[in-house]
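Have a look at target06.cif below; it lists mmCIF, C-alpha atoms.
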```
data_work
#
loop_
_atom_site.group_PDB
_atom_site.id
_atom_site.type_symbol
_atom_site.label_atom_id
_atom_site.label_comp_id
_atom_site.auth_asym_id
_atom_site.auth_seq_id
_atom_site.Cartn_x
_atom_site.Cartn_y
_atom_site.Cartn_z
ATOM 1 C CA MET A 49 150.027 82.963 83.569
ATOM 2 C CA LYS A 50 151.031 79.568 82.189
ATOM 3 C CA ARG A 51 151.099 76.848 84.866
ATOM 4 C CA ILE A 52 152.879 73.486 84.551
ATOM 5 C CA ILE A 53 152.634 70.423 86.829
ATOM 6 C CA GLN A 54 156.045 69.322 88.166
ATOM 7 C CA GLU A 55 157.159 66.540 90.508
ATOM 8 C CA THR A 56 159.117 67.469 93.655
ATOM 9 C CA GLU A 57 161.891 65.458 95.290
ATOM 10 C CA ASP A 58 159.619 63.660 97.770
ATOM 11 C CA GLY A 59 157.422 62.418 94.912
ATOM 12 C CA SER A 60 154.603 64.900 95.476
ATOM 13 C CA LYS A 61 153.687 67.335 92.712
ATOM 14 C CA THR A 62 153.477 71.103 92.535
ATOM 15 C CA ILE A 63 152.507 73.818 90.066
ATOM 16 C CA PHE A 64 155.234 75.758 88.252
ATOM 17 C CA ILE A 65 154.398 79.306 87.094
ATOM 18 C CA GLU A 66 156.431 79.694 83.939
ATOM 19 C CA ASP A 67 156.060 83.486 83.694
ATOM 20 C CA LEU A 68 157.390 83.963 87.229
ATOM 21 C CA ASN A 69 159.829 81.030 87.255
ATOM 22 C CA GLU A 70 158.256 80.068 90.591
ATOM 23 C CA THR A 71 156.598 76.972 92.069
ATOM 24 C CA TYR A 72 153.696 76.747 94.500
ATOM 25 C CA HIS A 73 155.709 74.428 96.756
ATOM 26 C CA SER A 74 159.329 73.573 97.441
ATOM 27 C CA LYS A 75 160.963 71.527 94.680
ATOM 28 C CA HIS A 76 162.619 69.574 97.502
ATOM 29 C CA GLY A 77 159.250 68.248 98.658
ATOM 30 C CA ALA A 78 155.825 69.869 98.799
ATOM 31 C CA VAL A 79 154.354 67.850 101.644
ATOM 32 C CA GLN A 80 157.371 67.776 103.953
ATOM 33 C CA GLU A 81 157.796 71.558 103.620
ATOM 34 C CA ALA A 82 154.150 72.206 104.461
ATOM 35 C CA PHE A 83 154.272 69.913 107.497
ATOM 36 C CA HIS A 84 157.569 71.331 108.774
ATOM 37 C CA VAL A 85 156.702 75.012 108.410
ATOM 38 C CA PHE A 86 153.030 75.227 109.268
ATOM 39 C CA ILE A 87 152.415 72.297 111.620
ATOM 40 C CA ASN A 88 155.741 71.779 113.421
ATOM 41 C CA ASN A 89 156.495 75.485 113.664
ATOM 42 C CA GLY A 90 152.992 76.900 113.885
ATOM 43 C CA LEU A 91 149.998 74.820 114.882
ATOM 44 C CA LYS A 92 151.976 72.726 117.387
ATOM 45 C CA TYR A 93 152.032 75.687 119.788
ATOM 46 C CA PHE A 94 148.268 75.335 120.210
ATOM 47 C CA GLU A 95 148.148 71.567 120.730
ATOM 48 C CA SER A 96 147.999 71.639 124.532
ATOM 49 C CA ASP A 97 144.485 73.098 124.817
ATOM 50 C CA ASN A 98 141.103 72.226 123.378
ATOM 51 C CA ASP A 99 140.025 75.755 122.481
ATOM 52 C CA LEU A 100 138.921 76.656 118.971
ATOM 53 C CA ILE A 101 141.859 77.812 116.831
ATOM 54 C CA ARG A 102 141.323 80.286 113.997
ATOM 55 C CA ILE A 103 143.882 80.169 111.163
ATOM 56 C CA ILE A 104 144.283 82.416 108.138
ATOM 57 C CA GLU A 105 146.425 81.331 105.212
ATOM 58 C CA ILE A 106 147.913 83.934 102.894
ATOM 59 C CA GLY A 107 148.164 81.945 99.664
ATOM 60 C CA LEU A 108 145.697 79.026 99.711
ATOM 61 C CA GLY A 109 147.026 77.585 96.431
ATOM 62 C CA THR A 110 146.277 73.879 96.060
ATOM 63 C CA GLY A 111 144.838 73.601 99.568
ATOM 64 C CA LEU A 112 147.707 71.389 100.749
ATOM 65 C CA ASN A 113 148.322 73.352 103.960
ATOM 66 C CA ALA A 114 144.605 73.376 104.691
ATOM 67 C CA PHE A 115 144.364 69.608 104.146
ATOM 68 C CA ILE A 116 147.287 68.839 106.438
ATOM 69 C CA THR A 117 145.729 71.111 109.052
ATOM 70 C CA LEU A 118 142.462 69.186 108.714
ATOM 71 C CA LEU A 119 144.365 65.941 109.350
ATOM 72 C CA GLU A 120 145.998 67.492 112.401
ATOM 73 C CA ALA A 121 142.621 68.691 113.695
ATOM 74 C CA GLU A 122 141.171 65.192 113.387
ATOM 75 C CA LYS A 123 144.247 63.601 114.961
ATOM 76 C CA LEU A 124 144.148 65.970 117.956
ATOM 77 C CA GLN A 125 140.338 66.248 118.028
ATOM 78 C CA LYS A 126 140.841 70.002 118.070
ATOM 79 C CA PRO A 127 138.321 72.414 116.449
ATOM 80 C CA ILE A 128 139.805 74.643 113.757
ATOM 81 C CA GLU A 129 138.277 77.411 111.658
ATOM 82 C CA TYR A 130 140.385 78.104 108.584
ATOM 83 C CA VAL A 131 140.256 81.026 106.158
ATOM 84 C CA GLY A 132 142.266 80.652 102.950
ATOM 85 C CA ILE A 133 142.987 83.767 100.868
ATOM 86 C CA GLU A 134 143.868 83.308 97.204
ATOM 87 C CA LYS A 135 143.980 85.873 94.395
ATOM 88 C CA TYR A 136 144.407 83.321 91.585
ATOM 89 C CA PRO A 137 142.521 80.092 92.428
ATOM 90 C CA VAL A 138 143.965 76.818 91.176
ATOM 91 C CA LEU A 139 141.950 75.356 88.294
ATOM 92 C CA ASP A 140 140.005 72.101 88.633
ATOM 93 C CA GLU A 141 142.096 70.365 85.984
ATOM 94 C CA GLU A 142 145.314 71.369 87.765
ATOM 95 C CA PHE A 143 144.050 70.021 91.082
ATOM 96 C CA GLN A 144 143.224 66.691 89.452
ATOM 97 C CA LEU A 145 146.853 66.312 88.350
ATOM 98 C CA ILE A 146 148.264 66.938 91.835
ATOM 99 C CA ASN A 147 147.982 63.988 94.193
ATOM 100 C CA PHE A 148 149.047 64.561 97.791
ATOM 101 C CA PHE A 149 146.953 61.749 99.237
ATOM 102 C CA GLU A 150 149.627 59.052 99.597
ATOM 103 C CA ASP A 151 152.326 61.533 100.629
ATOM 104 C CA VAL A 152 150.460 63.154 103.523
ATOM 105 C CA PHE A 153 149.757 59.842 105.235
ATOM 106 C CA LYS A 154 153.500 59.298 105.668
ATOM 107 C CA PHE A 155 153.109 61.927 108.381
ATOM 108 C CA TYR A 156 149.822 60.566 109.736
ATOM 109 C CA PRO A 157 150.101 56.761 109.851
ATOM 110 C CA GLU A 158 147.556 56.662 112.682
ATOM 111 C CA LEU A 159 144.929 57.972 110.220
ATOM 112 C CA GLU A 160 145.818 55.546 107.426
ATOM 113 C CA ASN A 161 142.720 53.416 108.083
ATOM 114 C CA ARG A 162 140.541 56.464 107.308
ATOM 115 C CA LYS A 163 142.245 57.274 104.007
ATOM 116 C CA LYS A 164 139.116 57.032 101.830
ATOM 117 C CA GLU A 165 137.282 59.338 104.203
ATOM 118 C CA PHE A 166 140.059 61.918 104.075
ATOM 119 C CA ILE A 167 140.339 61.807 100.298
ATOM 120 C CA GLU A 168 136.695 62.813 100.198
ATOM 121 C CA TYR A 169 137.404 65.595 102.696
ATOM 122 C CA TYR A 170 140.206 66.955 100.498
ATOM 123 C CA ASN A 171 137.923 66.996 97.478
ATOM 124 C CA GLN A 172 135.233 68.777 99.479
ATOM 125 C CA LEU A 173 137.807 71.288 100.668
ATOM 126 C CA PHE A 174 138.968 72.070 97.151
ATOM 127 C CA TYR A 175 135.612 72.064 95.367
ATOM 128 C CA CYS A 176 133.444 73.801 97.992
ATOM 129 C CA GLU A 177 132.130 77.206 96.989
ATOM 130 C CA TRP A 178 134.069 80.358 97.747
ATOM 131 C CA GLU A 179 133.125 83.204 100.096
ATOM 132 C CA SER A 180 131.088 81.095 102.549
ATOM 133 C CA TRP A 181 131.846 78.745 105.435
ATOM 134 C CA LYS A 182 131.878 75.004 104.771
ATOM 135 C CA THR A 183 132.079 72.347 107.474
ATOM 136 C CA ILE A 184 134.340 69.594 106.101
ATOM 137 C CA SER A 185 134.768 67.280 109.098
ATOM 138 C CA THR A 186 133.929 67.085 112.780
ATOM 139 C CA TYR A 187 136.806 69.363 113.734
ATOM 140 C CA PHE A 188 137.472 71.433 110.616
ATOM 141 C CA LYS A 189 135.589 74.125 108.735
ATOM 142 C CA ILE A 190 136.890 76.414 106.011
ATOM 143 C CA LYS A 191 136.067 79.639 104.212
ATOM 144 C CA LYS A 192 137.877 80.246 100.926
ATOM 145 C CA VAL A 193 138.159 83.864 99.842
ATOM 146 C CA GLU A 194 139.202 85.054 96.385
ATOM 147 C CA GLU A 195 140.860 88.361 97.133
ATOM 148 C CA ASP A 196 144.044 90.375 96.863
ATOM 149 C CA PHE A 197 146.127 90.009 100.018
ATOM 150 C CA PHE A 198 146.236 93.789 100.425
ATOM 151 C CA ASN A 199 142.425 93.791 100.777
ATOM 152 C CA LEU A 200 142.262 91.558 103.867
ATOM 153 C CA GLN A 201 140.280 94.150 105.792
ATOM 154 C CA LYS A 202 137.391 93.603 103.342
ATOM 155 C CA ILE A 203 136.882 89.921 104.172
ATOM 156 C CA ASP A 204 134.736 90.318 107.336
ATOM 157 C CA GLU A 205 136.891 87.800 109.206
ATOM 158 C CA LYS A 206 139.316 88.619 112.017
ATOM 159 C CA ASP A 207 140.614 87.496 115.421
ATOM 160 C CA PHE A 208 142.968 84.847 114.073
ATOM 161 C CA ASP A 209 145.314 82.928 116.361
ATOM 162 C CA LEU A 210 147.713 81.827 113.649
ATOM 163 C CA VAL A 211 148.721 82.986 110.179
ATOM 164 C CA TYR A 212 150.269 80.710 107.589
ATOM 165 C CA PHE A 213 152.158 83.125 105.345
ATOM 166 C CA ASP A 214 152.676 81.161 102.121
ATOM 167 C CA ALA A 215 152.927 83.834 99.450
ATOM 168 C CA PHE A 216 155.150 83.478 96.384
ATOM 169 C CA GLY A 217 158.834 84.194 97.026
ATOM 170 C CA SER A 218 160.217 87.696 97.388
ATOM 171 C CA HIS A 219 162.285 87.343 94.211
ATOM 172 C CA VAL A 220 159.084 87.371 92.144
ATOM 173 C CA GLN A 221 156.710 89.384 94.354
ATOM 174 C CA PRO A 222 158.844 91.478 96.731
ATOM 175 C CA GLU A 223 155.914 93.691 97.720
ATOM 176 C CA LEU A 224 154.351 90.760 99.582
ATOM 177 C CA TRP A 225 157.295 90.618 101.970
ATOM 178 C CA GLU A 226 157.360 94.218 103.171
ATOM 179 C CA LYS A 227 155.885 95.936 106.221
ATOM 180 C CA GLU A 228 152.810 97.281 104.391
ATOM 181 C CA LEU A 229 151.265 93.846 103.934
ATOM 182 C CA LEU A 230 152.467 92.622 107.339
ATOM 183 C CA THR A 231 150.672 95.549 108.963
ATOM 184 C CA ILE A 232 147.459 94.643 107.143
ATOM 185 C CA VAL A 233 147.767 90.997 108.201
ATOM 186 C CA ASP A 234 148.388 92.077 111.791
ATOM 187 C CA THR A 235 145.049 93.930 111.890
ATOM 188 C CA VAL A 236 143.140 90.639 111.606
ATOM 189 C CA MET A 237 145.216 88.827 114.250
ATOM 190 C CA LYS A 238 144.450 88.445 117.945
ATOM 191 C CA ASP A 239 146.524 90.285 120.539
ATOM 192 C CA LYS A 240 148.155 86.924 121.275
ATOM 193 C CA SER A 241 148.970 85.237 117.982
ATOM 194 C CA ILE A 242 151.637 83.554 115.850
ATOM 195 C CA PHE A 243 152.876 84.288 112.329
ATOM 196 C CA THR A 244 154.775 81.504 110.569
ATOM 197 C CA THR A 245 156.391 81.365 107.135
ATOM 198 C CA TYR A 246 158.850 79.300 105.115
ATOM 199 C CA ALA A 247 161.117 82.319 104.559
ATOM 200 C CA ALA A 248 163.739 84.028 106.710
ATOM 201 C CA LYS A 249 163.894 87.318 104.825
ATOM 202 C CA GLY A 250 165.255 90.342 106.681
ATOM 203 C CA SER A 251 162.355 92.598 105.728
ATOM 204 C CA ILE A 252 159.886 90.158 107.328
ATOM 205 C CA LYS A 253 161.944 90.022 110.519
ATOM 206 C CA ARG A 254 162.184 93.812 110.745
ATOM 207 C CA GLY A 255 158.513 94.309 109.912
ATOM 208 C CA LEU A 256 157.285 91.808 112.487
ATOM 209 C CA LYS A 257 159.565 93.252 115.161
ATOM 210 C CA ASP A 258 158.225 96.731 114.444
ATOM 211 C CA LEU A 259 154.724 95.340 114.958
ATOM 212 C CA GLY A 260 155.656 93.900 118.343
ATOM 213 C CA TYR A 261 156.343 90.269 117.463
ATOM 214 C CA ASN A 262 159.151 88.295 119.052
ATOM 215 C CA VAL A 263 160.793 86.836 115.947
ATOM 216 C CA LYS A 264 162.622 83.525 116.027
ATOM 217 C CA LYS A 265 164.441 81.626 113.300
ATOM 218 C CA PHE A 266 164.246 77.837 113.080
ATOM 219 C CA PRO A 267 165.925 75.251 110.847
ATOM 220 C CA GLY A 268 164.168 75.257 107.514
ATOM 221 C CA PRO A 269 162.666 72.341 105.597
ATOM 222 C CA PRO A 270 164.851 70.456 103.097
ATOM 223 C CA GLY A 271 166.433 72.924 100.687
ATOM 224 C CA LYS A 272 166.095 75.901 103.037
ATOM 225 C CA ARG A 273 168.626 76.767 105.723
ATOM 226 C CA GLU A 274 166.207 78.713 107.904
ATOM 227 C CA MET A 275 162.559 79.661 108.331
ATOM 228 C CA MET A 276 160.933 82.147 110.646
ATOM 229 C CA ALA A 277 158.031 82.617 113.039
ATOM 230 C CA GLY A 278 156.813 85.652 114.944
ATOM 231 C CA PHE A 279 155.156 85.431 118.370
ATOM 232 C CA LYS A 280 152.906 88.307 119.416
ATOM 233 C CA ASN A 281 152.509 88.532 123.205
ATOM 234 C CA ILE A 282 153.322 84.809 123.488
ATOM 235 C CA ASP A 283 156.379 83.584 125.372
ATOM 236 C CA ILE A 284 158.275 80.815 123.569
#
```
Once you've parsed the file, please lay out its structure as structure tokens.
Amino acid sequence: MKRIIQETEDGSKTIFIEDLNETYHSKHGAVQEAFHVFINNGLKYFESDNDLIRIIEIGLGTGLNAFITLLEAEKLQKPIEYVGIEKYPVLDEEFQLINFFEDVFKFYPELENRKKEFIEYYNQLFYCEWESWKTISTYFKIKKVEEDFFNLQKIDEKDFDLVYFDAFGSHVQPELWEKELLTIVDTVMKDKSIFTTYAAKGSIKRGLKDLGYNVKKFPGPPGKREMMAGFKNIDI
């Protein structure tokens, strides 16, 4: 599939898949969408304790969500184990053309003085080998897995507190937004867990409710009216 680098409205770049007419991130702003959906409406619910948090991302892509989560872990001094699933890994040359470094620090001014350190962390995160755990910083370790999302039960990792569901949109891959995949994702989640995504699609809401999640809609990031999160045995 042909991939083209494009600039989004907040100045950060994303990858455009010409064959699918789809981008990896919101054209209205890659970084602000990632922060709004996965930090403000996902990880923030775990900020009040110091326990280890295990996160699985469905659609690792450029590693932007993982990098922002690393920044949050360092800011909060909170240990995080992160598994990123990706069927089509981003190429080295594509990563080199996408620069999120300046944009992410708009959200983390308190870490600005450690910018060089974090740039190195992001490079380690992207270039570390797949299929094995890699400790990136004091509070963040990652395992990248090249696998089809429907094969999650093969990855030997489970008991996740939080899922970042960041698959391509339903208009290009509708099968990723139906109950079959949600059921598979649910098998690797803890009894008390949270599912968060940028979408507010009806099939996701119905599927999560059928699986016992309390589904709530929230204001979406720029360019999206709503987004959604599901809370499994957690009162919000």
Near A:Lys272, counting all atoms listed in the file, which residues have an atom at most 9 Å away, once you skip same-chain residues fewer than 4 positions from it, shown as a list in words?
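Everything that qualifies: Tyr246, Ala247, Pro267 and Gly268 of chain A.
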Could you tell me which residues the PyMOL selection byres ((chain A and resi 86) around 9) returns for this structure, as a VMD selection string?
chain A and resid 81 to 85 87 to 92 113 117 211 to 213 244 to 246
Any idea what the distance is between atom CA of A:Glu122 and atom CA of A:Tyr187?
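We find that atom CA of A:Glu122 and atom CA of A:Tyr187 lie 6.0 Å from each other.
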Nearest residue to A:Tyr130 from the set A:Thr183, A:Gln144, A:Gln172, A:Gln80 (distances using all atoms listed in the file)
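Between A:Thr183, A:Gln144, A:Gln172, A:Gln80, the residue approaching A:Tyr130 most closely is A:Thr183.
Here atom CA of A:Asp204 stands at a distance of 18.5 Å from atom CA of A:Ser241.
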Between atom CA of A:Lys202 and atom CA of A:Ile252, what is the distance in Å, rounded to a tenth?
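If I compute the distance from atom CA of A:Lys202 to atom CA of A:Ile252, I get 23.1 Å.
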